[in-house]
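Novice: One file: work.txt (compact mmCIF, C-alpha atoms).
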```
# COMPACT_ATOMS: atom_id res chain seq x y z
CA MET A 1118 90.61 234.86 -54.52
CA VAL A 1119 91.53 238.11 -52.79
CA PHE A 1120 95.01 238.01 -54.30
CA SER A 1121 93.55 237.84 -57.79
CA ILE A 1122 91.65 241.10 -57.19
CA ILE A 1123 94.90 243.01 -56.55
CA PRO A 1124 96.09 243.19 -60.22
CA CYS A 1125 92.60 244.32 -61.24
CA VAL A 1126 92.66 247.14 -58.67
CA TYR A 1127 96.16 248.09 -59.83
CA ARG A 1128 94.94 248.28 -63.43
CA ILE A 1129 91.88 250.33 -62.45
CA ILE A 1130 94.00 252.88 -60.57
CA LYS A 1131 97.02 252.98 -62.88
CA GLY A 1132 95.43 252.09 -66.22
CA PRO A 1133 96.63 254.37 -69.00
CA THR A 1134 93.39 254.37 -70.99
CA ILE A 1135 89.71 254.05 -70.14
CA PRO A 1136 89.18 250.65 -71.91
CA ASP A 1137 91.87 249.18 -69.64
CA ARG A 1138 89.88 250.30 -66.64
CA VAL A 1139 86.62 248.92 -68.04
CA VAL A 1140 88.11 245.49 -68.72
CA ALA A 1141 89.77 245.44 -65.30
CA LEU A 1142 86.46 246.31 -63.63
CA ASP A 1143 84.71 243.51 -65.51
CA ALA A 1144 87.43 241.03 -64.52
CA MET A 1145 87.17 242.15 -60.89
CA THR A 1146 83.42 241.60 -60.96
CA LEU A 1147 83.92 238.08 -62.32
CA VAL A 1148 86.40 237.32 -59.53
CA ILE A 1149 83.84 238.52 -56.98
CA VAL A 1150 81.17 236.32 -58.59
CA ALA A 1151 83.48 233.28 -58.39
CA THR A 1152 84.24 234.12 -54.76
CA LEU A 1153 80.52 234.23 -54.01
CA GLY A 1154 80.07 230.82 -55.63
CA VAL A 1155 82.83 229.28 -53.55
CA TYR A 1156 81.54 230.98 -50.40
CA SER A 1157 78.03 229.70 -51.07
CA PHE A 1158 79.50 226.18 -51.37
CA ILE A 1159 81.39 226.56 -48.10
CA GLN A 1160 78.41 227.94 -46.19
CA GLU A 1161 76.05 225.38 -47.80
CA SER A 1162 73.46 228.04 -48.54
CA VAL A 1163 71.90 229.01 -51.85
CA PHE A 1164 71.27 232.63 -50.98
CA PHE A 1165 74.60 233.89 -52.29
CA MET A 1166 73.88 232.55 -55.78
CA ASP A 1167 71.16 235.18 -56.24
CA VAL A 1168 73.69 237.85 -55.35
CA ALA A 1169 76.19 236.40 -57.84
CA LEU A 1170 73.58 236.34 -60.61
CA VAL A 1171 72.45 239.92 -59.97
CA LEU A 1172 76.05 241.17 -59.84
CA SER A 1173 76.98 239.45 -63.11
CA ILE A 1174 73.90 240.81 -64.91
CA ILE A 1175 74.58 244.36 -63.71
CA ALA A 1176 78.24 244.05 -64.73
CA PHE A 1177 77.28 242.77 -68.19
CA VAL A 1178 74.84 245.62 -68.86
CA GLY A 1179 77.33 248.19 -67.57
CA THR A 1180 80.19 246.86 -69.65
CA VAL A 1181 78.08 246.81 -72.83
CA THR A 1182 76.90 250.37 -72.19
CA ILE A 1183 80.37 251.76 -71.47
CA SER A 1184 81.78 249.96 -74.51
CA LYS A 1185 79.17 251.49 -76.77
CA TYR A 1186 79.77 254.91 -75.26
CA LEU A 1187 83.52 254.62 -75.83
CA ASP A 1188 83.00 253.37 -79.37
CA GLU A 1189 80.47 255.88 -80.65
CA GLY A 1190 80.21 258.71 -78.15
CA VAL A 1191 76.46 258.22 -77.64
CA VAL A 1192 74.76 255.57 -75.54
CA PHE A 1193 71.31 255.20 -77.04
CA MET B 1243 76.81 250.30 -84.63
CA THR B 1244 76.34 247.22 -82.54
CA THR B 1245 77.73 243.94 -83.75
CA LEU B 1246 75.86 240.71 -84.41
CA ILE B 1247 77.39 239.11 -81.32
CA THR B 1248 75.90 241.70 -79.01
CA LYS B 1249 72.49 241.48 -80.66
CA THR B 1250 72.40 237.67 -80.41
CA ILE B 1251 73.56 237.61 -76.79
CA SER B 1252 71.05 240.25 -75.75
CA LYS B 1253 68.20 238.47 -77.58
CA ALA B 1254 69.03 235.31 -75.66
CA SER B 1255 69.57 236.92 -72.28
CA VAL B 1256 66.75 239.46 -72.01
CA PRO B 1257 63.89 236.91 -71.50
CA LEU B 1258 66.01 235.08 -68.93
CA ILE B 1259 66.66 238.32 -67.04
CA ILE B 1260 62.93 239.14 -67.04
CA LEU B 1261 62.08 235.68 -65.69
CA PHE B 1262 64.75 236.07 -63.02
CA SER B 1263 63.35 239.45 -62.01
CA ILE B 1264 59.86 237.95 -61.61
CA SER B 1265 61.29 235.10 -59.53
CA LEU B 1266 63.09 237.63 -57.33
CA LEU B 1267 59.83 239.54 -56.97
CA ILE B 1268 57.65 236.66 -55.83
CA ALA B 1269 60.29 235.10 -53.56
CA GLY B 1270 61.06 238.36 -51.84
CA HIS B 1271 59.18 238.16 -48.55
CA ASN B 1272 61.33 235.57 -46.81
CA SER B 1273 64.38 235.05 -49.00
CA PRO B 1274 66.78 237.39 -50.82
CA GLY B 1275 65.08 239.54 -53.37
CA GLY B 1276 62.09 241.79 -53.29
CA GLY B 1277 60.43 244.45 -55.33
CA PHE B 1278 63.36 246.83 -55.64
CA ILE B 1279 65.98 244.45 -56.99
CA GLY B 1280 63.42 242.78 -59.25
CA GLY B 1281 62.54 246.14 -60.73
CA VAL B 1282 66.20 246.99 -61.17
CA MET B 1283 66.72 243.71 -63.05
CA PHE B 1284 63.73 244.39 -65.31
CA ALA B 1285 64.95 247.93 -66.00
CA ALA B 1286 68.46 246.59 -66.71
CA SER B 1287 67.13 244.15 -69.27
CA LEU B 1288 65.05 246.77 -71.06
CA SER B 1289 67.87 249.30 -70.97
CA LEU B 1290 70.08 246.61 -72.53
CA LEU B 1291 67.51 246.43 -75.34
CA TYR B 1292 67.56 250.24 -75.62
CA VAL B 1293 71.36 250.29 -75.82
CA VAL B 1294 71.79 247.41 -78.24
CA PHE B 1295 68.94 247.94 -80.70
CA GLY B 1296 68.70 251.71 -80.53
CA LEU B 1297 66.07 253.91 -78.94
CA ASP B 1298 64.06 254.56 -82.11
CA TYR B 1299 63.65 250.91 -83.06
CA ILE B 1300 62.53 249.86 -79.58
CA LYS B 1301 60.12 252.79 -79.43
CA SER B 1302 58.51 251.61 -82.64
CA VAL B 1303 57.99 248.11 -81.20
CA LEU B 1304 57.26 248.66 -77.52
CA ASN B 1305 56.43 252.09 -76.22
CA PRO B 1306 54.37 252.07 -73.02
CA ASP B 1307 53.98 255.17 -70.94
CA TRP B 1308 56.41 254.46 -68.09
CA GLY B 1309 55.02 257.35 -66.04
CA LYS B 1310 51.70 255.50 -65.79
CA TRP B 1311 53.57 252.42 -64.48
CA PHE B 1312 55.10 254.64 -61.83
CA GLY B 1313 51.71 255.99 -60.81
CA PHE B 1314 50.10 252.54 -60.76
CA GLY B 1315 52.84 251.13 -58.54
CA LEU B 1316 52.64 254.02 -56.13
CA LEU B 1317 48.85 253.68 -55.92
CA LEU B 1318 49.09 249.92 -55.31
CA SER B 1319 51.66 250.35 -52.53
CA VAL B 1320 49.68 253.06 -50.78
CA LEU B 1321 46.42 251.09 -51.02
CA THR B 1322 48.14 248.01 -49.59
CA ALA B 1323 49.49 250.04 -46.70
CA PHE B 1324 46.10 251.61 -45.95
CA GLY B 1325 44.15 248.43 -46.65
CA ALA B 1326 44.93 246.93 -43.27
CA ILE B 1327 43.11 249.80 -41.55
CA PHE B 1328 39.80 248.83 -43.17
CA PHE B 1329 40.08 245.35 -41.65
CA GLY B 1330 40.59 246.74 -38.18
CA TYR B 1331 44.33 246.28 -37.85
CA ASN B 1332 47.09 248.82 -37.64
CA PHE B 1333 48.88 250.52 -40.50
CA PHE B 1334 51.08 248.28 -42.69
CA ARG B 1335 49.81 245.11 -40.99
CA SER B 1336 50.65 242.09 -43.13
CA SER B 1337 48.56 238.95 -43.27
CA ILE B 1338 49.71 235.47 -44.21
CA LYS B 1339 47.70 232.53 -45.44
CA PHE B 1340 48.70 229.00 -46.38
CA ILE B 1341 46.77 227.31 -49.14
CA HIS B 1342 47.13 223.85 -50.59
CA LEU B 1343 47.23 223.43 -54.35
CA PRO B 1344 47.21 220.12 -56.23
CA PHE B 1345 50.49 219.10 -57.92
CA ILE B 1346 52.38 222.02 -56.37
CA GLY B 1347 52.00 221.51 -52.66
CA GLU B 1348 51.58 224.07 -49.99
CA ILE B 1349 52.25 227.67 -50.92
CA GLU B 1350 51.97 230.74 -48.79
CA LEU B 1351 50.19 233.91 -49.77
CA VAL B 1352 51.46 237.06 -48.07
CA SER B 1353 49.84 240.43 -48.45
CA SER B 1354 53.21 242.17 -48.42
CA THR B 1355 53.78 240.70 -51.88
CA LEU B 1356 51.27 243.27 -53.15
CA PHE B 1357 53.40 246.01 -51.64
CA ASP B 1358 56.44 244.47 -53.34
CA ILE B 1359 54.62 244.46 -56.68
CA GLY B 1360 53.92 248.15 -56.18
CA VAL B 1361 57.58 248.86 -55.48
CA TYR B 1362 58.46 246.79 -58.58
CA PHE B 1363 56.29 248.96 -60.82
CA VAL B 1364 57.58 252.16 -59.20
CA VAL B 1365 61.21 251.20 -59.84
CA ILE B 1366 60.57 250.06 -63.43
CA GLY B 1367 58.57 253.16 -64.27
CA SER B 1368 60.96 255.69 -62.77
CA LEU B 1369 64.18 254.14 -64.15
CA LEU B 1370 62.91 253.56 -67.67
CA TYR B 1371 61.20 256.98 -67.79
CA ILE B 1372 64.52 258.61 -66.87
CA PHE B 1373 66.45 256.47 -69.37
CA ARG B 1374 64.09 257.25 -72.23
CA LYS B 1375 63.93 260.97 -71.47
CA VAL B 1376 67.72 261.28 -71.16
CA GLY B 1377 68.33 259.18 -74.26
CA ASP B 1378 65.93 261.24 -76.37
CA ASP B 1379 67.79 264.46 -75.76
CA LYS B 1380 69.85 264.77 -78.92
```
Would you write out, as structure tokens, the structure that this file holds?

Specialist:
Amino acid sequence: MVFSIIPCVYRIIKGPTIPDRVVALDAMTLVIVATLGVYSFIQESVFFMDVALVLSIIAFVGTVTISKYLDEGVVF
Amino acid sequence: MTTLITKTISKASVPLIILFSISLLIAGHNSPGGGFIGGVMFAASLSLLYVVFGLDYIKSVLNPDWGKWFGFGLLLSVLTAFGAIFFGYNFFRSSIKFIHLPFIGEIELVSSTLFDIGVYFVVIGSLLYIFRKVGDDK
């Protein structure tokens, strides 16, 4: 799981354009959500699933907002 | 211009996010969650509506005064904090009570949930007031 974050971090730092960075950030968030799911299964506790849900919702709203900003130049 | 895919996904996901924020709010006294993160979830769902459908359309459908929500939440939190003094306890004292309901079982009522509801309204009011004021500035 940690090894699959490394290409995302590379793309965020190196990425030639801003959409590359946005997509890499979204992919990194999904990897973190999957890690939380696996960790919740290992620890046999349901508390990490709330964290995963909150993180995925925040990432979705942020990605939609940044995409609209990059497309049109205005957010609202 | 937002596409049909974004509109459909946001129509499906916004009620689920609001339900999740309410569940985070009322579970917040002894499990993960609480007033702040519930308010952030509610504000995220409504800001998703603002982004996807446009500020003018949402203002024609649903336009509450978010500053009043802020004031109501702050008043509720302060009254909850001072309310323990009138019962003879110290400041911010929380009380807990177990009641038994039919078909549901035993639930617990905690007075710090009122404080959490106040924090919820404060976060919703402040975030959405800022979003609407910043988005209006064209």

Novice: In the coordinates of the file, take the point (90.7, 244.7, -67.5) and a cut-off of 12 Å; then, counting all atoms listed in the file, name each qualifying protein, DNA or RNA residue as a list in words.

Specialist: Ile1122, Ile1123, Pro1124, Cys1125, Val1126, Tyr1127, Arg1128, Ile1129, Ile1130, Lys1131, Gly1132, Pro1133, Thr1134, Ile1135, Pro1136, Asp1137, Arg1138, Val1139, Val1140, Ala1141, Leu1142, Asp1143, Ala1144, Met1145, Thr1146, Leu1147, Val1148 and Thr1180 of chain A

Novice: Name all residues at most 8 Å from Lys1339 (chain B) (count only C-alpha atoms; drop same-chain ones fewer than 6 positions away) and give them as a PyMOL selection string.

Specialist: chain B and resi 1350-1352

Novice: Select, as a ChimeraX atom specification, those residues of chain B with any atom no more than 12 Å from chain A (distances computed using all atoms listed in the file).

Specialist: /B:1243-1245,1247-1249,1251-1252,1255-1256,1258-1260,1262-1263,1265-1266,1269-1270,1272-1276,1279-1301,1373-1380

Novice: Would you mind reading off the distance between CA of Gly1277 (chain B) and CA of Ile1338 (chain B), one decimal, in Å?

Specialist: 17.9 Å

Novice: I'd like the interatomic distance between CA of Leu1356 (chain B) and CA of Ile1268 (chain B), to a tenth of an Å.

Specialist: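 CA of Leu1356 (chain B) sits 9.6 Å away from CA of Ile1268 (chain B).
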
Novice: Rank B:Ser1337, B:Leu1317, B:Thr1250, B:Tyr1331 by their smallest atom-to-atom distance to Thr1355 (chain B), using only C-alpha atoms, and report the top residue only.

Specialist: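 Among the listed residues, the smallest separation from Thr1355 (chain B) belongs to B:Ser1337.
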
Novice: If you measure from CA of Ser1162 (chain A) to CA of Glu1348 (chain B), what distance in Å do you get, rounded to one decimal?

Specialist: 22.3 Å

Novice: Just want the 10 Å neighbourhood of region 1318-1327 of chain B, counted on all atoms listed in the file, with same-chain residues fewer than 2 positions away dropped. Output as a VMD selection string.

Specialist: chain B and resid 1313 to 1316 1329 to 1337 1353 to 1364

Novice: Given 8 Å of margin on each side, can you work out the centre and size in Å (one decimal) of an axis-aligned box holding every listed atom of region 1126-1143 of chain A, as lines of an AutoDock Vina configuration file?

Specialist:
```
center_x = 90.9
center_y = 248.9
center_z = -65.3
size_x = 28.3
size_y = 26.9
size_z = 29.2
```
